>>> print(open('entry_5.cif').read())   # mmCIF, C-alpha atoms
data_final
#
loop_
_atom_site.label_atom_id
_atom_site.label_comp_id
_atom_site.auth_asym_id
_atom_site.auth_seq_id
_atom_site.Cartn_x
_atom_site.Cartn_y
_atom_site.Cartn_z
CA THR A 26 104.19 153.58 38.02
CA THR A 27 102.09 154.95 35.21
CA CYS A 28 103.88 155.20 31.89
CA CYS A 29 100.91 156.51 29.98
CA SER A 30 98.95 159.27 31.64
CA ARG A 31 96.44 159.37 28.79
CA CYS A 32 95.25 155.80 29.21
CA GLY A 33 96.37 154.91 32.74
CA PHE A 34 98.61 152.05 31.63
CA SER A 35 100.95 150.85 34.35
CA ARG A 36 103.06 147.80 34.94
CA THR A 37 100.77 146.60 37.70
CA THR A 38 97.39 147.57 36.24
CA PRO A 39 97.54 147.61 32.44
CA THR A 40 94.27 149.47 31.85
CA CYS A 41 94.76 150.01 28.15
CA ALA A 42 95.65 146.33 27.67
CA ALA A 43 91.99 145.53 28.20
CA LYS A 44 91.31 147.35 24.93
CA SER A 45 93.41 144.79 23.10
CA PRO A 46 91.45 141.53 22.66
CA SER A 47 94.52 139.31 22.40
CA ALA A 48 96.87 141.20 24.68
CA THR A 49 99.08 138.80 26.60
CA GLY A 50 102.42 138.93 28.37
CA VAL A 51 104.86 141.61 27.25
CA THR A 52 102.60 142.72 24.40
CA THR A 53 100.01 144.37 26.65
CA TRP A 54 101.57 147.82 26.31
CA TRP A 55 101.10 148.34 22.57
CA PRO A 56 97.52 149.75 22.67
CA CYS A 57 99.07 152.83 24.28
CA CYS A 58 100.67 153.51 20.88
CA THR A 59 97.23 153.68 19.28
CA ILE A 60 96.19 156.26 21.86
CA PHE A 61 99.37 158.28 21.29
CA LEU A 62 98.83 158.06 17.54
CA ARG A 63 95.28 159.35 17.85
CA THR A 64 95.88 162.12 20.40
CA SER A 65 99.48 163.35 20.17
CA LYS A 66 100.42 166.60 18.48
CA LYS A 67 104.16 165.91 18.75
CA GLU A 68 105.57 164.53 15.52
CA LYS A 69 108.27 162.48 17.24
CA VAL A 70 105.61 160.67 19.31
CA ILE A 71 103.50 160.05 16.19
CA ARG A 72 106.54 158.77 14.26
CA LEU A 73 107.57 156.39 17.06
CA SER A 74 103.99 155.10 17.44
CA VAL A 75 103.70 154.50 13.69
CA TYR A 76 106.99 152.58 13.66
CA VAL A 77 105.94 150.42 16.61
CA LEU A 78 102.56 149.61 15.03
CA GLN A 79 104.20 149.03 11.65
CA ASN A 80 106.53 146.44 13.22
CA LEU A 81 103.59 144.73 14.90
CA THR A 82 101.77 144.25 11.58
CA ARG A 83 104.20 141.41 10.86
CA GLU A 84 102.19 139.34 13.35
CA TYR A 85 98.73 138.60 11.98
CA ALA A 86 97.12 138.54 15.45
CA PHE A 87 97.97 142.20 15.94
CA LEU A 88 96.25 143.19 12.69
CA GLY A 89 92.89 142.04 14.04
CA ASP A 90 93.47 143.90 17.29
CA MET A 91 94.48 147.03 15.41
CA ALA A 92 91.32 146.76 13.36
CA SER A 93 89.21 146.43 16.49
CA LEU A 94 90.88 149.55 17.90
CA GLY A 95 90.19 151.51 14.71
CA VAL A 96 93.83 152.14 13.86
CA ILE A 97 93.11 152.23 10.11
CA PHE A 98 90.80 155.23 10.56
CA THR A 99 93.43 157.06 12.60
CA VAL A 100 96.10 156.29 9.99
CA GLU A 101 93.82 157.55 7.20
CA LYS A 102 93.19 160.76 9.12
CA LEU A 103 96.92 161.25 9.73
CA SER A 104 97.66 160.58 6.05
CA ARG A 105 95.65 163.69 5.16
CA ARG A 106 97.63 165.80 7.63
CA SER A 107 100.84 167.61 6.72
CA PHE A 108 103.98 166.98 8.74
CA ALA A 109 107.34 168.72 8.84
CA ASP A 110 108.89 165.29 9.44
CA GLU A 111 108.85 163.52 6.05
CA ASP A 112 109.53 160.14 7.70
CA ILE A 113 106.01 160.09 9.12
CA LYS A 114 104.36 160.05 5.68
CA GLY A 115 106.77 157.34 4.57
CA ALA A 116 106.00 155.24 7.63
CA LEU A 117 102.23 155.73 7.38
CA GLU A 118 102.06 154.23 3.88
CA PRO A 119 103.22 150.66 4.73
CA LEU A 120 101.18 150.70 7.94
CA HIS A 121 98.09 151.73 6.00
CA SER A 122 98.77 149.09 3.33
CA ALA A 123 99.04 146.31 5.91
CA LEU A 124 95.89 147.43 7.71
CA GLU A 125 94.00 147.93 4.46
CA HIS A 126 94.94 144.44 3.27
CA ASP A 127 93.49 143.00 6.48
CA HIS A 128 90.56 145.41 6.29
CA VAL A 129 89.46 143.93 2.94
CA PHE A 130 88.46 140.75 4.75
CA MET A 131 86.04 142.56 7.05
CA SER A 132 82.39 143.01 6.14
CA SER A 133 80.77 146.41 5.74
CA PHE A 134 79.12 146.15 9.12
CA ASP A 135 82.43 145.18 10.69
CA ASP A 136 83.88 148.32 9.14
CA TYR A 137 81.11 150.42 10.63
CA ARG A 138 81.45 148.79 14.05
CA GLN A 139 85.21 149.38 14.02
CA GLU A 140 84.65 152.99 13.03
CA VAL A 141 82.26 153.55 15.95
CA LEU A 142 84.59 151.78 18.39
CA SER A 143 87.57 153.81 17.16
CA GLY A 144 85.85 156.98 18.31
CA HIS A 145 86.23 158.66 14.92
CA LEU A 146 83.45 158.63 12.36
CA SER A 147 84.42 159.48 8.80
CA ARG A 148 82.12 161.04 6.24
CA ASP A 149 84.06 159.16 3.56
CA SER A 150 82.66 155.83 4.74
CA HIS A 151 80.04 154.37 2.41
CA CYS A 152 77.82 153.25 5.27
CA HIS A 153 76.93 156.85 6.11
CA THR A 154 75.34 157.42 2.73
CA SER A 155 74.10 153.97 1.71
CA GLU A 156 70.46 153.11 2.37
CA LYS A 157 71.26 149.56 1.24
CA PHE A 158 73.85 149.23 4.04
CA TRP A 159 71.24 150.00 6.71
CA LYS A 160 68.65 147.64 5.22
CA GLU A 161 71.12 144.75 4.92
CA ASN A 162 72.50 145.18 8.43
CA LEU A 163 69.39 145.91 10.48
CA ASN A 164 69.59 142.56 12.28
CA LYS A 165 73.23 143.23 13.22
CA ILE A 166 72.29 146.66 14.55
CA GLU A 167 69.59 145.09 16.72
CA ALA A 168 72.01 142.46 18.07
CA ASP A 169 73.18 142.50 21.67
CA ASP A 170 70.36 144.80 22.74
CA TYR A 171 71.33 147.50 20.19
CA ARG A 172 74.90 147.66 21.55
CA ILE A 173 76.28 149.44 18.47
CA MET A 174 73.62 152.16 18.76
CA LYS A 175 74.46 152.65 22.44
CA ASP A 176 78.15 152.94 21.55
CA LEU A 177 77.29 155.43 18.80
CA HIS A 178 75.17 157.49 21.19
CA GLU A 179 78.01 157.59 23.71
CA LEU A 180 80.49 158.60 21.01
CA LEU A 181 78.31 161.42 19.73
CA SER A 182 77.54 162.61 23.25
CA ASN A 183 81.21 162.81 24.26
CA SER A 184 83.12 163.56 21.07
CA ARG A 185 84.80 166.88 20.37
CA ASP A 186 86.03 165.81 16.94
CA PRO A 187 84.31 168.04 14.32
CA GLU A 188 84.41 165.31 11.65
CA THR A 189 82.73 162.85 13.99
CA LEU A 190 80.04 165.34 14.93
#
>>> encode(input="entry_5.cif", output="structure tokens")
Amino acid sequence: TTCCSRCGFSRTTPTCAAKSPSATGVTTWWPCCTIFLRTSKKEKVIRLSVYVLQNLTREYAFLGDMASLGVIFTVEKLSRRSFADEDIKGALEPLHSALEHDHVFMSSFDDYRQEVLSGHLSRDSHCHTSEKFWKENLNKIEADDYRIMKDLHELLSNSRDPETL
């Protein structure tokens, strides 16, 4: 049975688990929470997803996976949103702090790659305005047959998010 119609996750074919680099055993379901967090309009779904992800930040391995799924960008976007449920804001702060602490250890290009892979580009990111960033990272952009540029093209071709476009 499918428990997540948005990502196709099921007990027999955990599609969204493939998005989690270290997903194993019972932990393969958690990437669904990142999808719910990014796409849900219901505050109770957002609150539950934030709490689940917040609990997972206690395990360092999950922090890397969350970074690769672009959770920090989603959390930052949600932090700017207003909610009737005050618990959401309170839960977003520790989640953001944990992700930001881990985020400090990533390079600028890693930040950019994570942003592209998250599906949400942010104008606040320094890499969008820094000529130095592009000069320093040209070899990384060319790597893997320009994979990051192909991912960016796909994102821009398919996105409906006004901030991304």
>>> residues_around(input="entry_5.cif", residues="Thr59 of chain A", least_positions_apart="2", cutoff="9 Å", atoms="only C-alpha atoms", output="list of chain:residue names")
A:Trp55, A:Pro56, A:Cys57, A:Phe61, A:Leu62, A:Arg63, A:Thr64, A:Ser74, A:Val75, A:Leu78, A:Met91, A:Leu94, A:Gly95, A:Val96, A:Thr99
>>> atom_distance(input="entry_5.cif", atom1="atom CA of Asp170 of chain A", atom2="atom CA of Asp135 of chain A")
17.1 Å
>>> residues_around(input="entry_5.cif", residues="Ile173 of chain A", least_positions_apart="3", cutoff="10 Å", atoms="all atoms listed in the file", output="PDB file with C-alpha atoms, keeping the file's coordinate frame")
ATOM      1  CA  TYR A 137      81.110 150.420  10.630  1.00  0.00           C
ATOM      2  CA  ARG A 138      81.450 148.790  14.050  1.00  0.00           C
ATOM      3  CA  GLN A 139      85.210 149.380  14.020  1.00  0.00           C
ATOM      4  CA  VAL A 141      82.260 153.550  15.950  1.00  0.00           C
ATOM      5  CA  LEU A 142      84.590 151.780  18.390  1.00  0.00           C
ATOM      6  CA  LYS A 165      73.230 143.230  13.220  1.00  0.00           C
ATOM      7  CA  ILE A 166      72.290 146.660  14.550  1.00  0.00           C
ATOM      8  CA  GLU A 167      69.590 145.090  16.720  1.00  0.00           C
ATOM      9  CA  ALA A 168      72.010 142.460  18.070  1.00  0.00           C
ATOM     10  CA  ASP A 169      73.180 142.500  21.670  1.00  0.00           C
ATOM     11  CA  ASP A 170      70.360 144.800  22.740  1.00  0.00           C
ATOM     12  CA  ASP A 176      78.150 152.940  21.550  1.00  0.00           C
ATOM     13  CA  LEU A 177      77.290 155.430  18.800  1.00  0.00           C
ATOM     14  CA  HIS A 178      75.170 157.490  21.190  1.00  0.00           C
ATOM     15  CA  GLU A 179      78.010 157.590  23.710  1.00  0.00           C
TER      16      GLU A 179
END
>>> atom_distance(input="entry_5.cif", atom1="atom CA of Leu180 of chain A", atom2="atom CA of Glu140 of chain A")
10.6 Å
>>> closest_residue(input="entry_5.cif", among="A:Leu181, A:Met174, A:Ile71, A:Leu124", to="Glu111 of chain A", atoms="all atoms listed in the file")
A:Ile71
